[in-house]
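Coordinates as given in protein_13.cif (mmCIF, C-alpha atoms and all ligand atoms):
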data_upload
#
loop_
_atom_site.label_atom_id
_atom_site.label_comp_id
_atom_site.auth_asym_id
_atom_site.auth_seq_id
_atom_site.Cartn_x
_atom_site.Cartn_y
_atom_site.Cartn_z
CA MET A 1 0.00 0.00 0.00
CA SER A 2 1.43 3.36 -0.93
CA GLU A 3 1.93 6.00 1.70
CA SER A 4 -0.73 8.17 0.04
CA ALA A 5 -3.34 5.42 0.21
CA ARG A 6 -3.20 5.45 4.01
CA PRO A 7 -3.61 9.07 5.06
CA SER A 8 -3.57 9.98 8.72
CA LYS A 9 -6.81 10.69 10.54
CA PRO A 10 -8.31 14.07 9.73
CA ALA A 11 -8.62 16.58 12.57
CA HIS A 12 -11.91 18.10 11.44
CA PRO A 13 -14.77 15.56 11.34
CA ALA A 14 -15.89 16.70 7.88
CA GLY A 15 -12.65 15.19 6.59
CA ARG A 16 -13.77 11.69 7.62
CA SER A 17 -14.67 9.08 5.04
CA PRO A 18 -17.74 6.86 5.65
CA GLU A 19 -15.33 4.19 6.93
CA ASP A 20 -13.76 6.65 9.39
CA TRP A 21 -17.26 7.53 10.58
CA GLN A 22 -18.10 3.85 11.09
CA GLN A 23 -15.08 3.54 13.33
CA TRP A 24 -16.06 6.65 15.23
CA PHE A 25 -19.62 5.40 15.80
CA SER A 26 -18.37 1.99 16.93
CA GLN A 27 -16.17 3.72 19.48
CA GLN A 28 -19.20 5.65 20.65
CA GLY A 29 -21.15 2.39 21.06
CA GLU A 30 -23.55 3.47 18.30
CA PRO A 31 -24.75 1.42 15.34
CA ARG A 32 -22.50 1.73 12.30
CA PHE A 33 -25.35 2.69 9.95
CA ARG A 34 -25.29 6.13 11.54
CA ALA A 35 -22.05 6.67 9.60
CA GLY A 36 -23.93 6.92 6.31
CA GLN A 37 -26.51 9.27 7.83
CA VAL A 38 -23.96 11.76 9.10
CA PHE A 39 -21.82 11.53 5.98
CA ARG A 40 -24.84 12.33 3.81
CA TRP A 41 -25.88 15.26 6.02
CA ILE A 42 -22.47 16.79 5.55
CA HIS A 43 -21.50 15.82 2.04
CA GLN A 44 -24.85 15.68 0.24
CA ARG A 45 -26.71 18.44 1.99
CA GLY A 46 -23.82 20.61 3.13
CA VAL A 47 -25.03 20.67 6.74
CA PHE A 48 -22.31 21.16 9.36
CA ASP A 49 -24.47 22.01 12.36
CA PRO A 50 -25.43 18.82 14.25
CA ALA A 51 -28.52 20.62 15.60
CA GLU A 52 -29.96 20.46 12.07
CA MET A 53 -29.44 16.69 11.75
CA THR A 54 -33.02 15.94 12.67
CA ASP A 55 -32.94 12.17 12.34
CA LEU A 56 -30.29 11.84 15.06
CA GLY A 57 -31.06 11.78 18.78
CA LYS A 58 -30.29 14.76 20.96
CA SER A 59 -27.40 13.21 22.85
CA LEU A 60 -25.74 12.09 19.64
CA ARG A 61 -26.09 15.56 18.16
CA GLU A 62 -24.42 16.94 21.26
CA ARG A 63 -21.58 14.46 21.00
CA LEU A 64 -21.04 15.44 17.37
CA ALA A 65 -20.88 19.09 18.37
CA ASN A 66 -18.42 18.30 21.17
CA ASP A 67 -16.35 16.36 18.66
CA GLY A 68 -15.82 19.57 16.68
CA LEU A 69 -18.38 19.21 13.91
CA GLU A 70 -19.08 22.73 12.75
CA SER A 71 -18.47 24.71 9.60
CA PRO A 72 -14.70 24.89 8.97
CA PHE A 73 -15.02 28.56 7.99
CA VAL A 74 -17.43 31.44 7.69
CA VAL A 75 -18.08 33.23 4.44
CA GLU A 76 -16.88 36.69 5.35
CA ARG A 77 -17.45 38.44 2.06
CA VAL A 78 -18.91 37.72 -1.37
CA VAL A 79 -17.86 40.01 -4.19
CA ARG A 80 -19.73 39.75 -7.44
CA SER A 81 -18.06 40.81 -10.67
CA THR A 82 -19.98 42.43 -13.50
CA ASP A 83 -19.42 39.22 -15.49
CA GLY A 84 -21.20 37.12 -12.84
CA THR A 85 -18.04 35.73 -11.29
CA ARG A 86 -18.36 35.51 -7.50
CA LYS A 87 -15.38 35.53 -5.19
CA LEU A 88 -15.93 34.20 -1.68
CA LEU A 89 -13.59 35.21 1.11
CA LEU A 90 -13.55 32.41 3.67
CA ARG A 91 -12.36 33.04 7.21
CA LEU A 92 -10.93 29.85 8.69
CA ARG A 93 -11.30 29.00 12.37
CA ASP A 94 -7.72 30.00 13.16
CA GLY A 95 -8.25 33.46 11.67
CA LEU A 96 -6.46 32.86 8.35
CA ALA A 97 -8.38 33.22 5.11
CA VAL A 98 -8.60 31.71 1.64
CA GLU A 99 -10.74 32.39 -1.38
CA CYS A 100 -12.73 30.41 -3.88
CA VAL A 101 -14.34 31.63 -7.06
CA LEU A 102 -17.55 30.68 -8.88
CA ILE A 103 -17.19 31.23 -12.61
CA PRO A 104 -20.30 30.94 -14.79
CA MET A 105 -19.64 29.72 -18.31
CA THR A 106 -20.80 32.01 -21.04
CA ASN A 107 -22.02 30.66 -24.38
CA ASP A 108 -18.81 31.43 -26.18
CA ASP A 109 -16.61 30.14 -23.37
CA ASP A 110 -16.86 26.53 -24.30
CA ALA A 111 -13.98 24.75 -22.78
CA ASP A 112 -11.53 27.48 -22.19
CA VAL A 113 -12.48 29.16 -18.92
CA ALA A 114 -12.56 25.87 -17.15
CA ALA A 115 -9.57 23.95 -18.21
CA ALA A 116 -11.61 21.05 -16.96
CA ASP A 117 -14.36 21.17 -19.48
CA ALA A 118 -13.20 18.16 -21.28
CA ASP A 119 -13.51 16.90 -24.77
CA ASP A 120 -16.02 14.27 -23.74
CA GLY A 121 -19.27 15.38 -25.24
CA ASP A 122 -20.90 12.05 -24.57
CA GLU A 123 -21.51 12.41 -20.87
CA GLY A 124 -24.76 13.20 -19.16
CA GLU A 125 -24.82 15.76 -16.39
CA GLU A 126 -24.62 14.01 -13.07
CA ASN A 127 -25.74 16.91 -11.03
CA GLY A 128 -28.69 18.23 -12.83
CA GLY A 129 -28.96 18.65 -16.57
CA GLU A 130 -32.68 19.11 -16.11
CA PRO A 131 -34.23 22.34 -17.31
CA THR A 132 -34.92 25.03 -14.76
CA TRP A 133 -38.45 26.29 -14.02
CA SER A 134 -38.12 28.74 -16.87
CA GLY A 135 -37.49 25.85 -19.24
CA GLU A 136 -33.97 26.98 -20.06
CA ALA A 137 -30.96 24.71 -19.78
CA PRO A 138 -29.09 25.45 -16.57
CA ARG A 139 -26.02 27.59 -16.80
CA ARG A 140 -22.84 25.72 -16.09
CA VAL A 141 -20.57 27.02 -13.42
CA THR A 142 -16.97 26.19 -12.63
CA LEU A 143 -15.73 26.45 -9.06
CA CYS A 144 -12.09 27.30 -8.46
CA ILE A 145 -10.87 26.23 -5.00
CA SER A 146 -7.78 26.68 -2.84
CA THR A 147 -5.67 24.02 -1.15
CA GLN A 148 -3.26 26.13 0.90
CA VAL A 149 -3.17 29.49 2.66
CA GLY A 150 -0.48 31.17 0.60
CA CYS A 151 1.93 29.10 -1.43
CA ALA A 152 5.56 27.98 -1.22
CA MET A 153 6.25 27.77 -4.95
CA GLY A 154 7.32 31.41 -5.39
CA CYS A 155 6.32 31.91 -9.06
CA VAL A 156 7.30 35.51 -9.71
CA PHE A 157 4.07 36.45 -11.53
CA CYS A 158 1.65 35.15 -8.90
CA ALA A 159 0.22 37.10 -5.98
CA SER A 160 -0.80 34.07 -3.94
CA GLY A 161 2.78 33.12 -3.18
CA LYS A 162 4.12 36.56 -2.38
CA ALA A 163 3.81 36.06 1.35
CA GLY A 164 4.96 32.45 1.28
CA LEU A 165 3.06 29.52 2.72
CA SER A 166 1.13 29.85 5.98
CA ARG A 167 -0.34 26.37 6.08
CA GLY A 168 -2.06 23.71 4.03
CA LEU A 169 -5.81 23.29 4.27
CA GLU A 170 -7.28 20.21 5.86
CA SER A 171 -9.34 17.99 3.58
CA ALA A 172 -12.46 19.24 5.42
CA GLU A 173 -11.55 22.82 4.55
CA ILE A 174 -11.06 21.87 0.91
CA VAL A 175 -14.29 19.92 0.52
CA ALA A 176 -16.29 22.53 2.46
CA GLN A 177 -15.45 25.09 -0.22
CA VAL A 178 -17.50 23.01 -2.65
CA LEU A 179 -20.35 22.42 -0.21
CA ILE A 180 -20.61 26.04 0.83
CA ALA A 181 -19.97 27.68 -2.55
CA LYS A 182 -22.93 25.69 -3.91
CA ARG A 183 -25.19 27.83 -1.73
CA TYR A 184 -24.12 30.84 -3.77
CA LEU A 185 -25.26 29.45 -7.11
CA ASP A 186 -28.14 31.29 -8.73
CA ASP A 187 -31.38 29.36 -9.33
CA ASN A 188 -30.59 28.71 -12.97
CA GLU A 189 -27.03 27.56 -12.34
CA ARG A 190 -25.45 24.13 -11.84
CA LEU A 191 -22.00 23.32 -10.58
CA ARG A 192 -20.36 21.53 -13.47
CA ASN A 193 -16.58 21.67 -13.06
CA LEU A 194 -14.18 21.92 -10.20
CA VAL A 195 -10.68 23.27 -10.67
CA PHE A 196 -7.89 23.19 -8.08
CA MET A 197 -6.52 26.50 -9.34
CA GLY A 198 -7.05 28.80 -6.39
CA MET A 199 -4.44 29.58 -3.77
CA GLY A 200 -1.74 27.03 -3.15
CA GLU A 201 -0.06 24.15 -4.88
CA PRO A 202 -2.29 21.06 -4.55
CA LEU A 203 0.53 18.61 -5.21
CA HIS A 204 2.70 20.23 -2.53
CA HIS A 205 -0.08 19.21 -0.16
CA TYR A 206 -0.75 15.80 -1.54
CA GLU A 207 -2.25 13.84 1.31
CA GLN A 208 -5.03 16.29 2.12
CA THR A 209 -5.69 16.99 -1.55
CA LEU A 210 -6.05 13.27 -2.22
CA ARG A 211 -8.37 12.85 0.75
CA ALA A 212 -10.47 15.81 -0.44
CA LEU A 213 -10.66 14.32 -3.95
CA ARG A 214 -11.88 11.02 -2.52
CA LEU A 215 -14.55 12.83 -0.49
CA ILE A 216 -15.71 15.03 -3.38
CA THR A 217 -16.03 12.07 -5.73
CA HIS A 218 -17.66 9.74 -3.17
CA PRO A 219 -21.04 8.51 -4.44
CA ASP A 220 -22.66 9.06 -1.01
CA GLY A 221 -21.41 12.63 -0.96
CA ILE A 222 -21.12 15.27 -3.66
CA GLY A 223 -20.54 12.45 -6.12
CA MET A 224 -18.70 14.57 -8.62
CA SER A 225 -17.21 12.71 -11.52
CA PRO A 226 -13.39 12.80 -11.51
CA ARG A 227 -13.37 13.88 -15.15
CA ARG A 228 -15.07 17.13 -14.15
CA ILE A 229 -12.25 17.87 -11.74
CA THR A 230 -8.91 19.36 -12.75
CA VAL A 231 -5.88 19.59 -10.49
CA SER A 232 -3.40 22.23 -11.56
CA THR A 233 0.28 21.99 -10.62
CA VAL A 234 3.59 23.77 -11.15
CA GLY A 235 4.92 20.34 -12.10
CA LEU A 236 5.85 18.38 -8.98
CA VAL A 237 6.89 15.28 -10.86
CA PRO A 238 6.65 12.52 -8.20
CA ASN A 239 3.20 13.62 -7.14
CA ILE A 240 1.93 13.90 -10.72
CA GLU A 241 2.89 10.26 -10.95
CA LYS A 242 1.09 9.49 -7.67
CA LEU A 243 -2.08 11.30 -8.75
CA GLY A 244 -2.09 9.32 -11.98
CA ARG A 245 -1.78 6.08 -10.01
CA ASP A 246 -4.21 6.94 -7.23
CA PHE A 247 -7.02 7.88 -9.65
CA ASP A 248 -6.05 5.82 -12.72
CA GLY A 249 -5.56 9.07 -14.63
CA LYS A 250 -9.24 9.95 -14.30
CA ILE A 251 -8.67 13.28 -12.54
CA GLY A 252 -8.01 16.02 -15.08
CA LEU A 253 -4.47 17.34 -14.96
CA ALA A 254 -3.32 20.86 -15.77
CA VAL A 255 0.35 21.79 -15.71
CA SER A 256 1.56 25.35 -15.38
CA LEU A 257 4.39 25.17 -17.87
CA HIS A 258 4.69 28.86 -18.81
CA ALA A 259 7.96 28.29 -20.67
CA PRO A 260 9.30 25.67 -23.12
CA ASP A 261 12.92 25.78 -21.94
CA ASP A 262 14.75 25.75 -18.61
CA GLU A 263 16.44 29.08 -19.09
CA THR A 264 13.14 30.93 -19.35
CA ARG A 265 11.35 28.78 -16.80
CA ASN A 266 14.09 29.15 -14.18
CA ARG A 267 13.58 32.90 -14.33
CA ILE A 268 9.91 32.75 -13.42
CA MET A 269 9.34 29.47 -11.57
CA PRO A 270 11.88 28.55 -8.87
CA MET A 271 10.57 24.98 -8.74
CA ASN A 272 11.99 24.41 -12.20
CA ARG A 273 15.38 24.01 -10.58
CA ARG A 274 14.07 20.89 -8.88
CA TYR A 275 11.86 19.47 -11.65
CA ASP A 276 12.88 20.79 -15.04
CA VAL A 277 11.01 20.92 -18.33
CA ALA A 278 12.37 17.58 -19.58
CA GLN A 279 11.37 15.78 -16.37
CA ILE A 280 7.90 17.27 -16.50
CA LEU A 281 7.32 16.36 -20.14
CA SER A 282 8.57 12.87 -19.41
CA VAL A 283 6.12 12.29 -16.52
CA LEU A 284 3.28 13.67 -18.67
CA ARG A 285 4.04 11.10 -21.34
CA LYS A 286 3.51 8.42 -18.72
CA TYR A 287 0.30 9.85 -17.23
CA PRO A 288 -2.40 7.17 -17.65
CA LEU A 289 -4.80 9.39 -19.62
CA PRO A 290 -8.12 7.79 -20.52
CA PRO A 291 -8.95 7.71 -24.24
CA ARG A 292 -9.89 11.06 -25.75
CA ARG A 293 -8.77 13.05 -22.72
CA ARG A 294 -6.01 15.59 -22.84
CA ILE A 295 -3.69 17.23 -20.38
CA THR A 296 -4.05 20.99 -20.11
CA ILE A 297 -0.88 23.03 -20.46
CA GLU A 298 -1.26 26.45 -18.86
CA TYR A 299 0.90 29.17 -20.31
CA THR A 300 0.78 32.63 -18.77
CA LEU A 301 2.05 35.13 -21.31
CA ILE A 302 4.41 37.72 -19.84
CA ALA A 303 5.64 40.57 -22.02
CA GLY A 304 9.22 40.13 -23.17
CA VAL A 305 9.77 37.07 -20.96
CA ASN A 306 8.10 34.04 -22.57
CA ASP A 307 5.87 35.41 -25.34
CA SER A 308 8.10 35.56 -28.41
CA PRO A 309 7.46 33.57 -31.62
CA ASP A 310 10.63 31.66 -30.76
CA HIS A 311 9.12 30.57 -27.45
CA ALA A 312 5.99 29.49 -29.30
CA ARG A 313 7.97 27.40 -31.79
CA LYS A 314 9.99 25.81 -28.98
CA LEU A 315 6.74 25.02 -27.19
CA VAL A 316 5.41 23.29 -30.30
CA ARG A 317 8.51 21.11 -30.39
CA ALA A 318 8.39 20.40 -26.66
CA LEU A 319 4.78 19.26 -26.78
CA GLY A 320 5.21 17.05 -29.83
CA GLY A 321 3.49 13.71 -29.44
CA LEU A 322 1.71 14.64 -26.20
CA ARG A 323 -2.08 14.68 -25.96
CA VAL A 324 -2.51 18.24 -24.72
CA LYS A 325 -4.52 21.38 -25.08
CA VAL A 326 -2.83 24.68 -24.37
CA ASN A 327 -4.51 27.39 -22.38
CA LEU A 328 -2.86 30.74 -22.99
CA ILE A 329 -3.40 33.18 -20.12
CA PRO A 330 -2.45 36.80 -20.75
CA MET A 331 -0.85 37.63 -17.42
CA ASN A 332 -3.07 39.42 -14.97
CA PRO A 333 -1.21 42.33 -13.49
CA VAL A 334 0.26 41.80 -10.04
CA ALA A 335 1.43 44.97 -8.38
CA GLY A 336 5.13 45.16 -7.59
CA SER A 337 6.11 42.22 -9.79
CA GLY A 338 7.69 44.45 -12.43
CA LEU A 339 6.14 42.20 -15.07
CA GLY A 340 3.79 43.27 -17.83
CA THR A 341 0.96 41.64 -19.75
CA SER A 342 1.71 40.60 -23.31
CA SER A 343 0.23 42.76 -26.03
CA ASN A 344 -2.79 41.49 -27.94
CA ALA A 345 -0.62 41.19 -31.01
CA ALA A 346 1.87 38.97 -29.18
CA VAL A 347 -0.93 36.81 -27.79
CA GLU A 348 -2.46 36.43 -31.25
CA GLN A 349 0.83 35.56 -32.84
CA PHE A 350 1.62 32.97 -30.16
CA HIS A 351 -1.83 31.45 -30.60
CA GLU A 352 -1.42 31.39 -34.36
CA ILE A 353 1.90 29.51 -34.22
CA LEU A 354 0.43 26.83 -31.97
CA SER A 355 -2.75 26.52 -34.00
CA ARG A 356 -0.85 26.17 -37.26
CA ALA A 357 1.09 23.33 -35.68
CA ARG A 358 -2.33 21.77 -34.94
CA ILE A 359 -2.02 22.12 -31.21
CA SER A 360 -5.41 22.66 -29.66
CA CYS A 361 -5.12 26.07 -28.07
CA SER A 362 -7.36 28.68 -26.50
CA VAL A 363 -6.86 32.05 -24.89
CA ARG A 364 -8.35 32.15 -21.41
CA LYS A 365 -10.65 35.08 -21.04
CA ARG A 366 -10.20 37.25 -18.06
CA ARG A 367 -12.96 36.59 -15.61
CA GLY A 368 -13.60 38.47 -12.43
CA ASP A 369 -10.61 40.76 -12.72
CA ASP A 370 -12.64 43.74 -11.54
CA VAL A 371 -12.87 41.98 -8.15
CA ASP A 372 -9.31 40.57 -8.12
CA ALA A 373 -10.66 37.08 -8.70
CA ALA A 374 -8.61 36.38 -11.80
CA CYS A 375 -5.73 33.90 -11.92
CA GLY A 376 -2.87 34.83 -9.64
CA GLN A 377 -4.79 37.56 -7.88
CA LEU A 378 -6.39 35.61 -5.06
CA ALA A 379 -6.02 36.92 -1.53
CA LEU A 380 -4.14 39.99 -2.58
CA ASN A 381 -6.32 42.19 -0.45
CA ALA A 382 -7.62 39.91 2.22
CA GLY A 383 -5.00 40.52 4.89
CA VAL A 384 -4.36 36.85 4.88
CA THR A 385 -0.97 35.78 5.93
CA ALA A 386 2.58 36.27 6.96
CA PRO A 387 5.13 38.99 6.13
CA VAL A 388 6.00 39.58 2.51
CA SER A 389 9.33 38.30 1.28
CA ASP A 390 10.03 39.66 -2.13
CA ASP A 391 13.17 38.00 -3.33
CA GLY A 392 11.83 36.68 -6.63
CA ALA A 393 12.80 33.38 -8.17
CA LYS A 394 16.53 33.55 -7.81
CA GLY A 395 17.40 33.89 -4.18
CA ARG A 396 14.54 31.78 -3.01
CA LYS A 397 15.12 28.67 -0.95
CA LEU A 398 13.18 25.73 -2.35
CA PRO A 399 10.58 24.29 -0.01
CA THR A 400 10.85 20.72 1.19
CA MET A 401 8.66 18.22 -0.58
CA ASN A 402 6.40 15.76 1.15
N1 LIG B 501 -0.26 26.02 -7.94
C1 LIG B 501 -1.07 25.61 -9.04
C2 LIG B 501 -2.48 26.14 -9.01
C3 LIG B 501 -2.71 27.60 -8.68
S1 LIG B 501 -2.46 28.87 -9.88
C4 LIG B 501 -0.40 25.94 -10.34
O1 LIG B 501 0.56 26.68 -10.33
O2 LIG B 501 -0.80 25.42 -11.37
C5 LIG B 501 -3.56 28.64 -11.20
C6 LIG B 501 -2.99 29.15 -12.53
O3 LIG B 501 -2.93 30.61 -12.57
C7 LIG B 501 -1.57 28.67 -12.77
O4 LIG B 501 -1.42 28.27 -14.09
C8 LIG B 501 -0.77 29.92 -12.49
O5 LIG B 501 0.50 29.87 -13.06
C9 LIG B 501 -1.67 30.98 -13.07
N2 LIG B 501 -1.31 32.34 -12.65
C10 LIG B 501 -0.72 32.71 -11.51
N3 LIG B 501 -0.53 34.05 -11.49
C11 LIG B 501 -1.02 34.52 -12.64
C12 LIG B 501 -1.14 35.85 -13.20
N4 LIG B 501 -0.69 36.91 -12.56
N5 LIG B 501 -1.73 35.95 -14.40
C13 LIG B 501 -2.18 34.86 -15.05
N6 LIG B 501 -2.11 33.62 -14.58
C14 LIG B 501 -1.52 33.44 -13.39
#
Structure re-expressed in structure tokens:
Amino acid sequence: MSESARPSKPAHPAGRSPEDWQQWFSQQGEPRFRAGQVFRWIHQRGVFDPAEMTDLGKSLRERLANDGLESPFVVERVVRSTDGTRKLLLRLRDGLAVECVLIPMTNDDDADVAAADADDGDEGEENGGEPTWSGEAPRRVTLCISTQVGCAMGCVFCASGKAGLSRGLESAEIVAQVLIAKRYLDDNERLRNLVFMGMGEPLHHYEQTLRALRLITHPDGIGMSPRRITVSTVGLVPNIEKLGRDFDGKIGLAVSLHAPDDETRNRIMPMNRRYDVAQILSVLRKYPLPPRRRITIEYTLIAGVNDSPDHARKLVRALGGLRVKVNLIPMNPVAGSGLGTSSNAAVEQFHEILSRARISCSVRKRRGDDVDAACGQLALNAGVTAPVSDDGAKGRKLPTMN
């Protein structure tokens, strides 16, 4: 059994699997079938307050409360962008904060806003393809969630990592983002995709991310299909391999490549000095992708850094033979980074070179940037974490890997 298949016991009860709950109920001298009841209250109905679990006796509800079952955070603020994007600021019980973002798909979005919206047109909607009362098809929404408070990866163009890593989220805190964000869907909306593209590096926090994925996909809980979930990573090679193994490649994978060569990538992503471009491409070739699925390559375009035609041609060569789609992201401005967004002309030219080489490629539209909910802007203004260290990619000490 691999180390990741046997995670330690979660501290917050909402991180427990049905099997963990069975154990807990046995210890309490209660029948094991209660496990399913409580799990469904939490993970199907999003109820964290034992007082609302009406089919449980009073003393049991009290014991659950004493055991620490309560919402892992409060929604402190909801900011709605003019494009319908909603950013939720979540205050955790220890006073730290993270954010998650609901992103409605527009008609012309297709697959590009959610890297997750896969090429599998044959699937029914598991969580409600039924028409709404007005007879219209429900609007699909992607939820972008966080896995850590801050981030240790130090990418120079990203705001989330500016203050370093405060701590990883517990699986309960990860899954609760889905359960609680669902309450903020409009009547005509359905949660369709889930992307691990908020704050933090999910594969630098593997055990809790894995546990959260198992909870989110559990048929007695949210029951989300793994193919509607995308985990995005800077390219932590051993854990890409683990994720592939632990979910048979069924979880969507997005890799923040941002450069086709080590020289460019070293300048903007310190982690490249540990896992370089060649190692990343090699592990992607081995990822057990199901038929007709593709890996998403994220590429943030930064003026004069990685956006030249030469970079585009190198990228074409690097991706040769891989089943990928490329998501170009014109960099969202991050104050103090000294980096600029690529011009429209540069973005178009880059796109053109990839398309001509028959690489499936889209330009990610900016969503929610009027409320700082766009990529790389999360928790800029929330007063979230520790002191700012601003030493860029070069002088940065690499974090230890788990
Ligand atoms: N740590 C993970 C997931 C979080 S970031 C990862 O790096 O993949 C989600 C995506 O937003 C990544 O591709 C990241 O590189 C990108 N991003 C970060 N800052 C950005 C910015 N300022 N503009 C555009 N994209 C950015």
Selection: 10 Å around Leu319 of chain A, all atoms listed in the file, excl. self and same-chain fewer than 6 positions, as a PDB file with C-alpha atoms, keeping the file's coordinate frame:
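The resulting file, around37.pdb, is reproduced below:
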ATOM      1  CA  PRO A 260       9.300  25.670 -23.120  1.00  0.00           C
ATOM      2  CA  LEU A 281       7.320  16.360 -20.140  1.00  0.00           C
ATOM      3  CA  LEU A 284       3.280  13.670 -18.670  1.00  0.00           C
ATOM      4  CA  ARG A 285       4.040  11.100 -21.340  1.00  0.00           C
ATOM      5  CA  ILE A 297      -0.880  23.030 -20.460  1.00  0.00           C
ATOM      6  CA  LYS A 325      -4.520  21.380 -25.080  1.00  0.00           C
ATOM      7  CA  VAL A 326      -2.830  24.680 -24.370  1.00  0.00           C
ATOM      8  CA  ILE A 359      -2.020  22.120 -31.210  1.00  0.00           C
TER       9      ILE A 359
END
task: Write out as a PyMOL selection string which residues come within 12 Å of Leu213 of chain A when counting all atoms listed in the file, dropping same-chain ones fewer than 4 positions away.
output: chain A and resi 15+17+145+147+170-172+174-176+178+194-196+202+206-209+217-219+221-231+243+246-247+250-252
query: Neighbours of ligand LIG 501 (chain B) within 6 Å, counting only C-alpha atoms and all ligand atoms, as a PyMOL selection string?
result: chain A and resi 157-158+197-201+232-234+255-256+298+300+329+331-334+375-376
Could you save the residues just selected, with C-alpha atoms, as a JSON list (two decimals), keeping the file's coordinate frame?
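In the end it all went to part-v8.json:
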[["chain", "number", "residue", "atom", "x", "y", "z"],
["A", 157, "PHE", "CA", 4.07, 36.45, -11.53],
["A", 158, "CYS", "CA", 1.65, 35.15, -8.90],
["A", 197, "MET", "CA", -6.52, 26.50, -9.34],
["A", 198, "GLY", "CA", -7.05, 28.80, -6.39],
["A", 199, "MET", "CA", -4.44, 29.58, -3.77],
["A", 200, "GLY", "CA", -1.74, 27.03, -3.15],
["A", 201, "GLU", "CA", -0.06, 24.15, -4.88],
["A", 232, "SER", "CA", -3.40, 22.23, -11.56],
["A", 233, "THR", "CA", 0.28, 21.99, -10.62],
["A", 234, "VAL", "CA", 3.59, 23.77, -11.15],
["A", 255, "VAL", "CA", 0.35, 21.79, -15.71],
["A", 256, "SER", "CA", 1.56, 25.35, -15.38],
["A", 298, "GLU", "CA", -1.26, 26.45, -18.86],
["A", 300, "THR", "CA", 0.78, 32.63, -18.77],
["A", 329, "ILE", "CA", -3.40, 33.18, -20.12],
["A", 331, "MET", "CA", -0.85, 37.63, -17.42],
["A", 332, "ASN", "CA", -3.07, 39.42, -14.97],
["A", 333, "PRO", "CA", -1.21, 42.33, -13.49],
["A", 334, "VAL", "CA", 0.26, 41.80, -10.04],
["A", 375, "CYS", "CA", -5.73, 33.90, -11.92],
["A", 376, "GLY", "CA", -2.87, 34.83, -9.64]]
- prompt: So how far away is atom CA of Tyr299 of chain A from atom CA of Ser342 of chain A, in Å?
  reply: 11.8 Å
field: Å distance separating atom CA of Ala152 of chain A from atom CA of His204 of chain A, one decimal place
entry: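 Result for atom CA of Ala152 of chain A versus atom CA of His204 of chain A: 8.4 Å, one decimal.
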- prompt: Could you work out how far atom CA of Gly57 of chain A lies from atom CA of Arg16 of chain A, giving the answer in Å with one decimal?
  reply: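 Distance between the two atoms: 20.6 Å.
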field: Best match for closeness to Leu179 of chain A among A:Val277, A:Val75, A:Val47, A:Val316, counting all atoms listed in the file
entry: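 Among the listed residues, A:Val47 lies closest to Leu179 of chain A.
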- request: Tell me, as a list in words, which residues lie within 7 Å of Arg139 of chain A, counting only C-alpha atoms; anything in the same chain fewer than 3 positions away does not count.
  value: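 Skipping anything fewer than 3 positions along the chain leaves Pro104, Met105, Asn188, Glu189 and Arg190 of chain A.
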task: Compile the contact shell of Asn306 of chain A as an MDAnalysis selection string: residues with an atom at most 8 Å away, counting all atoms listed in the file, same-chain residues fewer than 2 positions apart removed.
output: chainID A and resid 258:259 264 301:304 308 311
Give me a file of those residues, with C-alpha atoms, as a compact mmCIF listing (two decimals), in the frame of the given file.
# COMPACT_ATOMS: atom_id res chain seq x y z
CA HIS A 258 4.69 28.86 -18.81
CA ALA A 259 7.96 28.29 -20.67
CA THR A 264 13.14 30.93 -19.35
CA LEU A 301 2.05 35.13 -21.31
CA ILE A 302 4.41 37.72 -19.84
CA ALA A 303 5.64 40.57 -22.02
CA GLY A 304 9.22 40.13 -23.17
CA SER A 308 8.10 35.56 -28.41
CA HIS A 311 9.12 30.57 -27.45
query: Hey, what's within 12 Å of Trp24 of chain A if we count only C-alpha atoms and toss same-chain stuff fewer than 2 positions away? As a list in words, please?
result: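 The residues that qualify are Lys9, Pro13, Arg16, Ser17, Pro18, Glu19, Asp20, Trp21, Gln22, Ser26, Gln27, Gln28, Gly29, Glu30, Pro31, Arg32, Phe33, Arg34, Ala35, Gly36, Val38, Phe39, Leu60, Arg63, Leu64 and Asp67 of chain A.
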Box for segment 271-278 of chain A - axis-aligned, 4 Å on each of the six sides, all listed atoms - centre and size in Å to one decimal, as JSON.
{"center_x": 13.0, "center_y": 21.3, "center_z": -14.2, "size_x": 12.8, "size_y": 15.4, "size_z": 18.8}
